[in-house]
Amino acid sequence: MSASEPTRLKLVEASSFSPSEPPRARRVAIVGGTRIPFARSDGPYATASNQEMLTAAVNGLAIRYGLDVPGVVGEVVTGAVLKHSRDFNLARETVLGSKLDARTPAYDIQQACGTGLQAVIAAANKIALGQTDSAIAGGADTASDAPLGVNDRLRRILLEARRAKSAGARLKALAKIRPGHLVPDIPRNAEPRTGLSMGEHAAVTARAWDVSREAQDALAATSHQRLAAAYDRGFFRDLVVPFRGLDRDQNLRPDSTAEKLAALRPVFGADGPDPTMTAGNSTPLTDGAAVVLLASEEWAEARGLEPLAYLTAYETAAVDFVRGDVAGGEDGLLMAPAHAVPRMLERTGLALDDFDLIEVHEAFASQVLATLAAWEKRGLGPVDRDRLNVAGSSLATGHPFAATGARIVATLAKLLSEQSGPARGLISICAAGGQGVTAVLERS
């Protein structure tokens, strides 16, 4: 063939191919989970880094399930919302400092409060496709050690000085620094596109859905009471490992009652009519870490481990909260699960009545109640409160952003394992940026 002749591809009859059967998705088992007790920010974990907390949780899992064997864990997927630049490779650095084999690959993921559950989903997808047999997923966050950024005006001056071609030019740039430039950029719990904090957004949603103060306080008190009861019966004995002197969640108030919470003053939406949201019916800033062990059925069986439950479905959604919430509409910042859950149920052919247990992340009591109301409005029916967050949730445990998803997955999986027969559980997590992550767990 000459160089000027076009390349011709040889055509082959389609019937000459013998494609193999498309791979079947494998069931993804939730084998167990471990977390450290959650602590209020600027408390016992004030000097603990994301890596230190996450390593403690991973080591707890490694010790409990014998994961300190070379090659036994296929991958680690974790994340954090509040990250220093040193945390750019948090998952991998955690592996290197833990009892896991140093050759275990790892990567970070982030989706605000949905980070932990998204990490579980990312790991589960690889297991389902046969790309790995086991994985650890979860997250950590510390509000105590939040990164402080350099004032943007100072940053620009320092960059100008770095680019300077001479000592004189460098000194000229540095001479522009003023005392006001030394004030650091402190992270704000506010949405960049609205300037409103998550709590202020939740207050708008509470008014839009007419959520009462009494209902919020009752939900918060119930969360504390149920978490305390779960600890007292030993439910968390194999889920929580002591860390820095804590063996229970520091935010837990076993004697909480709606009457006591009613005495607290509103802290969100206070400039609007009839504010209802207080520090008692909202989650506090929290430090902590949580991880989950996922695997194929074959991997678990080979090691004599009985799965607690299986991850069988998941769905994400997002809402236009900029126009929908600030304008007083129903699509509030934390209302994406109101869309994700109906879509997931339609796709799986399930109804709310098909779930024995329902876990709704309690960022705020008002947000939980608004979500339940939205599901009912969309025809899903009311949620039986006796099946909702039966071992307590974020209002009682606290909410280290990236750790919450793994905490909920491990808690629900163990609750399902305690059922006498087949059982099914629903997870609903709202996240900053108007997003939501939801999932279904099942016990055969």
# chains A, B, ... in the order shown; residues from 1 in each chain; ligands from 1
$ select_by_dssp --residues "region 169-309 of chain A" --states "strand (DSSP E)" --output "PDB file with all heavy atoms, in the first residue's frame"
ATOM      1  N   PRO A 266     -35.167  31.471  69.991  1.00  0.00           N
ATOM      2  CA  PRO A 266     -34.873  31.231  68.570  1.00  0.00           C
ATOM      3  C   PRO A 266     -33.532  31.844  68.176  1.00  0.00           C
ATOM      4  O   PRO A 266     -33.141  32.903  68.669  1.00  0.00           O
ATOM      5  CB  PRO A 266     -36.027  31.915  67.846  1.00  0.00           C
ATOM      6  CG  PRO A 266     -37.135  31.980  68.853  1.00  0.00           C
ATOM      7  CD  PRO A 266     -36.442  32.193  70.165  1.00  0.00           C
ATOM      8  N   VAL A 267     -32.815  31.156  67.290  1.00  0.00           N
ATOM      9  CA  VAL A 267     -31.530  31.663  66.802  1.00  0.00           C
ATOM     10  C   VAL A 267     -31.508  31.813  65.280  1.00  0.00           C
ATOM     11  O   VAL A 267     -30.639  32.488  64.743  1.00  0.00           O
ATOM     12  CB  VAL A 267     -30.370  30.752  67.243  1.00  0.00           C
ATOM     13  CG1 VAL A 267     -30.195  30.781  68.752  1.00  0.00           C
ATOM     14  CG2 VAL A 267     -30.581  29.315  66.765  1.00  0.00           C
ATOM     15  N   PHE A 268     -32.437  31.191  64.581  1.00  0.00           N
ATOM     16  CA  PHE A 268     -32.537  31.323  63.129  1.00  0.00           C
ATOM     17  C   PHE A 268     -33.901  31.898  62.766  1.00  0.00           C
ATOM     18  O   PHE A 268     -34.909  31.534  63.367  1.00  0.00           O
ATOM     19  CB  PHE A 268     -32.351  29.971  62.435  1.00  0.00           C
ATOM     20  CG  PHE A 268     -31.002  29.345  62.684  1.00  0.00           C
ATOM     21  CD1 PHE A 268     -30.894  28.153  63.381  1.00  0.00           C
ATOM     22  CD2 PHE A 268     -29.852  29.952  62.205  1.00  0.00           C
ATOM     23  CE1 PHE A 268     -29.661  27.576  63.610  1.00  0.00           C
ATOM     24  CE2 PHE A 268     -28.597  29.385  62.438  1.00  0.00           C
ATOM     25  CZ  PHE A 268     -28.505  28.191  63.135  1.00  0.00           C
ATOM     26  N   MET A 277     -36.865  28.245  65.258  1.00  0.00           N
ATOM     27  CA  MET A 277     -35.672  27.401  65.256  1.00  0.00           C
ATOM     28  C   MET A 277     -34.671  27.835  66.315  1.00  0.00           C
ATOM     29  O   MET A 277     -34.230  28.986  66.340  1.00  0.00           O
ATOM     30  CB  MET A 277     -35.030  27.411  63.870  1.00  0.00           C
ATOM     31  CG  MET A 277     -35.919  26.774  62.817  1.00  0.00           C
ATOM     32  SD  MET A 277     -35.171  26.826  61.174  1.00  0.00           S
ATOM     33  CE  MET A 277     -33.623  25.981  61.487  1.00  0.00           C
ATOM     34  N   THR A 278     -34.292  26.903  67.180  1.00  0.00           N
ATOM     35  CA  THR A 278     -33.397  27.179  68.298  1.00  0.00           C
ATOM     36  C   THR A 278     -32.153  26.300  68.205  1.00  0.00           C
ATOM     37  O   THR A 278     -32.062  25.404  67.356  1.00  0.00           O
ATOM     38  CB  THR A 278     -34.097  26.886  69.631  1.00  0.00           C
ATOM     39  OG1 THR A 278     -34.250  25.460  69.768  1.00  0.00           O
ATOM     40  CG2 THR A 278     -35.473  27.541  69.704  1.00  0.00           C
ATOM     41  N   THR A 286     -19.957  20.207  64.911  1.00  0.00           N
ATOM     42  CA  THR A 286     -19.507  18.935  65.485  1.00  0.00           C
ATOM     43  C   THR A 286     -18.232  18.444  64.821  1.00  0.00           C
ATOM     44  O   THR A 286     -17.985  18.711  63.650  1.00  0.00           O
ATOM     45  CB  THR A 286     -20.605  17.862  65.296  1.00  0.00           C
ATOM     46  OG1 THR A 286     -21.885  18.414  65.598  1.00  0.00           O
ATOM     47  CG2 THR A 286     -20.372  16.653  66.171  1.00  0.00           C
ATOM     48  N   ASP A 287     -17.438  17.697  65.598  1.00  0.00           N
ATOM     49  CA  ASP A 287     -16.238  17.031  65.093  1.00  0.00           C
ATOM     50  C   ASP A 287     -16.441  15.516  65.171  1.00  0.00           C
ATOM     51  O   ASP A 287     -17.014  15.015  66.142  1.00  0.00           O
ATOM     52  CB  ASP A 287     -15.006  17.386  65.931  1.00  0.00           C
ATOM     53  CG  ASP A 287     -14.800  18.885  66.090  1.00  0.00           C
ATOM     54  OD1 ASP A 287     -15.255  19.641  65.205  1.00  0.00           O
ATOM     55  OD2 ASP A 287     -14.199  19.296  67.108  1.00  0.00           O
ATOM     56  N   GLY A 288     -15.934  14.789  64.171  1.00  0.00           N
ATOM     57  CA  GLY A 288     -16.064  13.330  64.234  1.00  0.00           C
ATOM     58  C   GLY A 288     -15.705  12.656  62.923  1.00  0.00           C
ATOM     59  O   GLY A 288     -15.413  13.319  61.920  1.00  0.00           O
ATOM     60  N   ALA A 289     -15.732  11.325  62.926  1.00  0.00           N
ATOM     61  CA  ALA A 289     -15.416  10.523  61.744  1.00  0.00           C
ATOM     62  C   ALA A 289     -16.172   9.213  61.806  1.00  0.00           C
ATOM     63  O   ALA A 289     -16.449   8.693  62.897  1.00  0.00           O
ATOM     64  CB  ALA A 289     -13.911  10.255  61.655  1.00  0.00           C
ATOM     65  N   ALA A 290     -16.508   8.672  60.635  1.00  0.00           N
ATOM     66  CA  ALA A 290     -17.238   7.405  60.556  1.00  0.00           C
ATOM     67  C   ALA A 290     -16.898   6.713  59.244  1.00  0.00           C
ATOM     68  O   ALA A 290     -16.697   7.371  58.213  1.00  0.00           O
ATOM     69  CB  ALA A 290     -18.749   7.639  60.646  1.00  0.00           C
ATOM     70  N   VAL A 291     -16.830   5.381  59.282  1.00  0.00           N
ATOM     71  CA  VAL A 291     -16.545   4.598  58.074  1.00  0.00           C
ATOM     72  C   VAL A 291     -17.399   3.333  58.061  1.00  0.00           C
ATOM     73  O   VAL A 291     -17.885   2.882  59.098  1.00  0.00           O
ATOM     74  CB  VAL A 291     -15.052   4.207  57.975  1.00  0.00           C
ATOM     75  CG1 VAL A 291     -14.192   5.418  57.681  1.00  0.00           C
ATOM     76  CG2 VAL A 291     -14.578   3.503  59.241  1.00  0.00           C
ATOM     77  N   VAL A 292     -17.537   2.769  56.852  1.00  0.00           N
ATOM     78  CA  VAL A 292     -18.331   1.561  56.635  1.00  0.00           C
ATOM     79  C   VAL A 292     -17.513   0.578  55.812  1.00  0.00           C
ATOM     80  O   VAL A 292     -16.770   0.984  54.903  1.00  0.00           O
ATOM     81  CB  VAL A 292     -19.643   1.895  55.890  1.00  0.00           C
ATOM     82  CG1 VAL A 292     -20.427   0.630  55.565  1.00  0.00           C
ATOM     83  CG2 VAL A 292     -20.508   2.840  56.712  1.00  0.00           C
ATOM     84  N   LEU A 293     -17.636  -0.707  56.104  1.00  0.00           N
ATOM     85  CA  LEU A 293     -16.988  -1.761  55.331  1.00  0.00           C
ATOM     86  C   LEU A 293     -18.008  -2.366  54.374  1.00  0.00           C
ATOM     87  O   LEU A 293     -19.047  -2.882  54.797  1.00  0.00           O
ATOM     88  CB  LEU A 293     -16.429  -2.845  56.256  1.00  0.00           C
ATOM     89  CG  LEU A 293     -15.831  -4.083  55.568  1.00  0.00           C
ATOM     90  CD1 LEU A 293     -14.659  -3.701  54.663  1.00  0.00           C
ATOM     91  CD2 LEU A 293     -15.386  -5.108  56.615  1.00  0.00           C
ATOM     92  N   LEU A 294     -17.716  -2.277  53.080  1.00  0.00           N
ATOM     93  CA  LEU A 294     -18.572  -2.822  52.029  1.00  0.00           C
ATOM     94  C   LEU A 294     -17.854  -3.969  51.339  1.00  0.00           C
ATOM     95  O   LEU A 294     -16.623  -3.963  51.228  1.00  0.00           O
ATOM     96  CB  LEU A 294     -18.905  -1.744  50.994  1.00  0.00           C
ATOM     97  CG  LEU A 294     -19.481  -0.421  51.521  1.00  0.00           C
ATOM     98  CD1 LEU A 294     -19.448   0.628  50.433  1.00  0.00           C
ATOM     99  CD2 LEU A 294     -20.891  -0.632  52.027  1.00  0.00           C
ATOM    100  N   ALA A 295     -18.605  -4.925  50.814  1.00  0.00           N
ATOM    101  CA  ALA A 295     -17.957  -6.064  50.157  1.00  0.00           C
ATOM    102  C   ALA A 295     -18.941  -6.826  49.290  1.00  0.00           C
ATOM    103  O   ALA A 295     -20.165  -6.660  49.401  1.00  0.00           O
ATOM    104  CB  ALA A 295     -17.357  -7.010  51.202  1.00  0.00           C
ATOM    105  N   SER A 296     -18.400  -7.658  48.424  1.00  0.00           N
ATOM    106  CA  SER A 296     -19.233  -8.603  47.694  1.00  0.00           C
ATOM    107  C   SER A 296     -19.644  -9.718  48.642  1.00  0.00           C
ATOM    108  O   SER A 296     -19.007  -9.936  49.677  1.00  0.00           O
ATOM    109  CB  SER A 296     -18.458  -9.186  46.509  1.00  0.00           C
ATOM    110  OG  SER A 296     -17.383  -9.992  46.980  1.00  0.00           O
ATOM    111  N   ALA A 309     -26.651  -5.951  56.023  1.00  0.00           N
ATOM    112  CA  ALA A 309     -27.682  -5.579  55.058  1.00  0.00           C
ATOM    113  C   ALA A 309     -27.021  -5.411  53.700  1.00  0.00           C
ATOM    114  O   ALA A 309     -25.800  -5.570  53.562  1.00  0.00           O
ATOM    115  CB  ALA A 309     -28.377  -4.291  55.493  1.00  0.00           C
TER     116      ALA A 309
END
$ atom_distance --atom1 "CA of Arg207 (chain A)" --atom2 "CA of Gly269 (chain A)"
9.2 Å
$ select_by_dssp --residues "region 82-269 of chain A" --states "alpha helix (DSSP H)" --output "PyMOL selection string"
chain A and resi 90-96+115-128+152-163+167-174+198-208+213-232+258-261
$ residues_around --residues "region 173-184 of chain A" --least-positions-apart "3" --cutoff "9 Å" --atoms "only C-alpha atoms" --output "list in words"
Leu148, Gly149, Val150, Asn151, Asp152, Arg153, Leu154, Arg155, Ile157, Leu158, Glu160, Ala161, Ala164, Gly168, Ala169 and Arg170 of chain A
$ write_last_selection --atoms "N, CA and C atoms" --output "PDB file, in the first residue's frame"
ATOM      1  N   LEU A 148      -8.386  28.594  57.990  1.00  0.00           N
ATOM      2  CA  LEU A 148      -8.486  30.052  57.908  1.00  0.00           C
ATOM      3  C   LEU A 148      -7.721  30.510  56.676  1.00  0.00           C
ATOM      4  N   GLY A 149      -8.405  31.189  55.795  1.00  0.00           N
ATOM      5  CA  GLY A 149      -7.784  31.633  54.561  1.00  0.00           C
ATOM      6  C   GLY A 149      -7.097  32.983  54.723  1.00  0.00           C
ATOM      7  N   VAL A 150      -6.103  33.210  53.884  1.00  0.00           N
ATOM      8  CA  VAL A 150      -5.445  34.511  53.869  1.00  0.00           C
ATOM      9  C   VAL A 150      -6.408  35.537  53.285  1.00  0.00           C
ATOM     10  N   ASN A 151      -6.474  36.688  53.911  1.00  0.00           N
ATOM     11  CA  ASN A 151      -7.277  37.786  53.378  1.00  0.00           C
ATOM     12  C   ASN A 151      -6.977  37.953  51.886  1.00  0.00           C
ATOM     13  N   ASP A 152      -8.016  38.055  51.068  1.00  0.00           N
ATOM     14  CA  ASP A 152      -7.808  38.057  49.623  1.00  0.00           C
ATOM     15  C   ASP A 152      -6.943  39.228  49.155  1.00  0.00           C
ATOM     16  N   ARG A 153      -7.066  40.380  49.806  1.00  0.00           N
ATOM     17  CA  ARG A 153      -6.227  41.522  49.420  1.00  0.00           C
ATOM     18  C   ARG A 153      -4.757  41.237  49.736  1.00  0.00           C
ATOM     19  N   LEU A 154      -4.505  40.600  50.886  1.00  0.00           N
ATOM     20  CA  LEU A 154      -3.137  40.225  51.228  1.00  0.00           C
ATOM     21  C   LEU A 154      -2.608  39.172  50.259  1.00  0.00           C
ATOM     22  N   ARG A 155      -3.463  38.233  49.893  1.00  0.00           N
ATOM     23  CA  ARG A 155      -3.054  37.178  48.959  1.00  0.00           C
ATOM     24  C   ARG A 155      -2.584  37.775  47.636  1.00  0.00           C
ATOM     25  N   ILE A 157      -1.389  40.764  47.121  1.00  0.00           N
ATOM     26  CA  ILE A 157      -0.116  41.473  47.315  1.00  0.00           C
ATOM     27  C   ILE A 157       1.037  40.475  47.374  1.00  0.00           C
ATOM     28  N   LEU A 158       0.843  39.359  48.098  1.00  0.00           N
ATOM     29  CA  LEU A 158       1.896  38.359  48.203  1.00  0.00           C
ATOM     30  C   LEU A 158       2.207  37.727  46.851  1.00  0.00           C
ATOM     31  N   GLU A 160       1.823  39.263  44.000  1.00  0.00           N
ATOM     32  CA  GLU A 160       2.539  40.299  43.263  1.00  0.00           C
ATOM     33  C   GLU A 160       4.011  40.312  43.665  1.00  0.00           C
ATOM     34  N   ALA A 161       4.283  40.168  44.962  1.00  0.00           N
ATOM     35  CA  ALA A 161       5.657  40.152  45.441  1.00  0.00           C
ATOM     36  C   ALA A 161       6.409  38.928  44.922  1.00  0.00           C
ATOM     37  N   ALA A 164       7.526  39.457  41.383  1.00  0.00           N
ATOM     38  CA  ALA A 164       8.454  40.578  41.168  1.00  0.00           C
ATOM     39  C   ALA A 164       9.800  40.076  40.647  1.00  0.00           C
ATOM     40  N   GLY A 168      13.789  45.282  44.699  1.00  0.00           N
ATOM     41  CA  GLY A 168      13.094  46.556  44.841  1.00  0.00           C
ATOM     42  C   GLY A 168      11.618  46.440  44.535  1.00  0.00           C
ATOM     43  N   ALA A 169      11.299  45.725  43.464  1.00  0.00           N
ATOM     44  CA  ALA A 169       9.902  45.533  43.098  1.00  0.00           C
ATOM     45  C   ALA A 169       9.168  44.710  44.157  1.00  0.00           C
ATOM     46  N   ARG A 170       9.909  43.766  44.735  1.00  0.00           N
ATOM     47  CA  ARG A 170       9.308  42.933  45.780  1.00  0.00           C
ATOM     48  C   ARG A 170       8.988  43.776  47.020  1.00  0.00           C
TER      49      ARG A 170
END
$ residues_around --residues "region 311-314 of chain A" --least-positions-apart "5" --cutoff "8 Å" --atoms "only C-alpha atoms" --output "PyMOL selection string"
chain A and resi 27-30+121+124+344+348+437-442
$ atom_distance --atom1 "CA of Ala46 (chain A)" --atom2 "CA of His361 (chain A)"
24.3 Å
$ residues_around --residues "Ala338 (chain A)" --least-positions-apart "3" --cutoff "6 Å" --atoms "only C-alpha atoms" --output "number ranges by chain"
A: 335, 371, 374-375
$ write_last_selection --atoms "N, CA, C and O atoms" --output "mmCIF file, in the first residue's frame"
data_model
loop_
_atom_site.group_PDB
_atom_site.id
_atom_site.type_symbol
_atom_site.label_atom_id
_atom_site.label_comp_id
_atom_site.auth_asym_id
_atom_site.auth_seq_id
_atom_site.Cartn_x
_atom_site.Cartn_y
_atom_site.Cartn_z
ATOM 1 N N MET A 335 -34.254 20.680 50.677
ATOM 2 C CA MET A 335 -35.439 19.911 50.294
ATOM 3 C C MET A 335 -35.237 18.982 49.094
ATOM 4 O O MET A 335 -36.197 18.417 48.580
ATOM 5 N N THR A 371 -39.610 17.875 55.039
ATOM 6 C CA THR A 371 -39.409 16.772 54.097
ATOM 7 C C THR A 371 -40.534 15.759 54.191
ATOM 8 O O THR A 371 -41.071 15.297 53.172
ATOM 9 N N ALA A 374 -43.522 17.187 52.551
ATOM 10 C CA ALA A 374 -43.378 17.202 51.092
ATOM 11 C C ALA A 374 -43.627 15.817 50.508
ATOM 12 O O ALA A 374 -44.269 15.680 49.459
ATOM 13 N N TRP A 375 -43.108 14.773 51.159
ATOM 14 C CA TRP A 375 -43.374 13.415 50.675
ATOM 15 C C TRP A 375 -44.869 13.121 50.681
ATOM 16 O O TRP A 375 -45.402 12.546 49.731
#
$ closest_residue --among "A:Ala80, A:Ala230, A:Asn251, A:Tyr65" --to "Leu100 (chain A)" --atoms "only C-alpha atoms"
A:Tyr65
$ atom_distance --atom1 "CA of Thr205 (chain A)" --atom2 "CA of Ala370 (chain A)"
7.3 Å
$ closest_atom_pairs --of "region 211-308 of chain A" --to "region 416-423 of chain A" --cutoff "10 Å" --atoms "only C-alpha atoms" --output "JSON lines"
{"residue": "A:Glu306", "atom": "CA", "partner": "A:Ser417", "partner_atom": "CA", "distance": 9.7}
{"residue": "A:Pro307", "atom": "CA", "partner": "A:Ser417", "partner_atom": "CA", "distance": 8.3}
{"residue": "A:Leu308", "atom": "CA", "partner": "A:Ser417", "partner_atom": "CA", "distance": 5.1}
$ residues_around --residues "Arg213 (chain A)" --least-positions-apart "3" --cutoff "8 Å" --atoms "only C-alpha atoms" --output "mmCIF file with N, CA and C atoms, in the first residue's frame"
data_model
loop_
_atom_site.group_PDB
_atom_site.id
_atom_site.type_symbol
_atom_site.label_atom_id
_atom_site.label_comp_id
_atom_site.auth_asym_id
_atom_site.auth_seq_id
_atom_site.Cartn_x
_atom_site.Cartn_y
_atom_site.Cartn_z
ATOM 1 N N GLN A 216 -41.122 20.745 66.238
ATOM 2 C CA GLN A 216 -39.664 20.681 66.153
ATOM 3 C C GLN A 216 -39.051 20.241 67.481
ATOM 4 N N ASP A 217 -39.517 20.826 68.568
ATOM 5 C CA ASP A 217 -38.973 20.476 69.881
ATOM 6 C C ASP A 217 -39.279 19.025 70.246
ATOM 7 N N ALA A 262 -38.455 23.954 74.885
ATOM 8 C CA ALA A 262 -39.342 25.093 74.627
ATOM 9 C C ALA A 262 -38.850 26.373 75.298
ATOM 10 N N THR A 276 -39.025 29.949 65.012
ATOM 11 C CA THR A 276 -39.234 28.658 65.688
ATOM 12 C C THR A 276 -37.960 27.845 65.882
ATOM 13 N N MET A 277 -36.865 28.245 65.258
ATOM 14 C CA MET A 277 -35.672 27.401 65.256
ATOM 15 C C MET A 277 -34.671 27.835 66.315
#
$ residues_around --residues "Gly381 (chain A)" --least-positions-apart "5" --cutoff "9 Å" --atoms "only C-alpha atoms" --output "ChimeraX atom specification"
/A:351-353,372,375-376
$ write_last_selection --atoms "N, CA, C and O atoms" --output "PDB file, in the first residue's frame"
ATOM      1  N   ALA A 351     -42.956   1.642  47.824  1.00  0.00           N
ATOM      2  CA  ALA A 351     -43.715   2.710  48.472  1.00  0.00           C
ATOM      3  C   ALA A 351     -43.178   2.878  49.889  1.00  0.00           C
ATOM      4  O   ALA A 351     -42.484   1.997  50.409  1.00  0.00           O
ATOM      5  N   LEU A 352     -43.496   4.007  50.512  1.00  0.00           N
ATOM      6  CA  LEU A 352     -42.999   4.229  51.874  1.00  0.00           C
ATOM      7  C   LEU A 352     -43.443   3.130  52.832  1.00  0.00           C
ATOM      8  O   LEU A 352     -42.718   2.784  53.770  1.00  0.00           O
ATOM      9  N   ASP A 353     -44.615   2.563  52.588  1.00  0.00           N
ATOM     10  CA  ASP A 353     -45.110   1.498  53.459  1.00  0.00           C
ATOM     11  C   ASP A 353     -44.271   0.225  53.356  1.00  0.00           C
ATOM     12  O   ASP A 353     -44.397  -0.671  54.197  1.00  0.00           O
ATOM     13  N   LEU A 372     -40.921  15.405  55.408  1.00  0.00           N
ATOM     14  CA  LEU A 372     -42.034  14.462  55.593  1.00  0.00           C
ATOM     15  C   LEU A 372     -43.314  15.021  54.994  1.00  0.00           C
ATOM     16  O   LEU A 372     -44.089  14.295  54.354  1.00  0.00           O
ATOM     17  N   TRP A 375     -43.108  14.773  51.159  1.00  0.00           N
ATOM     18  CA  TRP A 375     -43.374  13.415  50.675  1.00  0.00           C
ATOM     19  C   TRP A 375     -44.869  13.121  50.681  1.00  0.00           C
ATOM     20  O   TRP A 375     -45.402  12.546  49.731  1.00  0.00           O
ATOM     21  N   GLU A 376     -45.519  13.538  51.740  1.00  0.00           N
ATOM     22  CA  GLU A 376     -46.959  13.289  51.825  1.00  0.00           C
ATOM     23  C   GLU A 376     -47.703  14.062  50.741  1.00  0.00           C
ATOM     24  O   GLU A 376     -48.620  13.538  50.106  1.00  0.00           O
TER      25      GLU A 376
END
$ closest_residue --among "A:Arg244, A:Arg265, A:Arg385, A:Lys377" --to "Leu357 (chain A)" --atoms "only C-alpha atoms"
A:Arg385
$ closest_residue --among "A:Leu264, A:Ala39, A:Val322, A:Val73" --to "Ser394 (chain A)" --atoms "only C-alpha atoms"
A:Ala39
$ closest_residue --among "A:Thr104, A:Ala300, A:Thr132, A:Gln435" --to "Asp320 (chain A)" --atoms "only C-alpha atoms"
A:Gln435
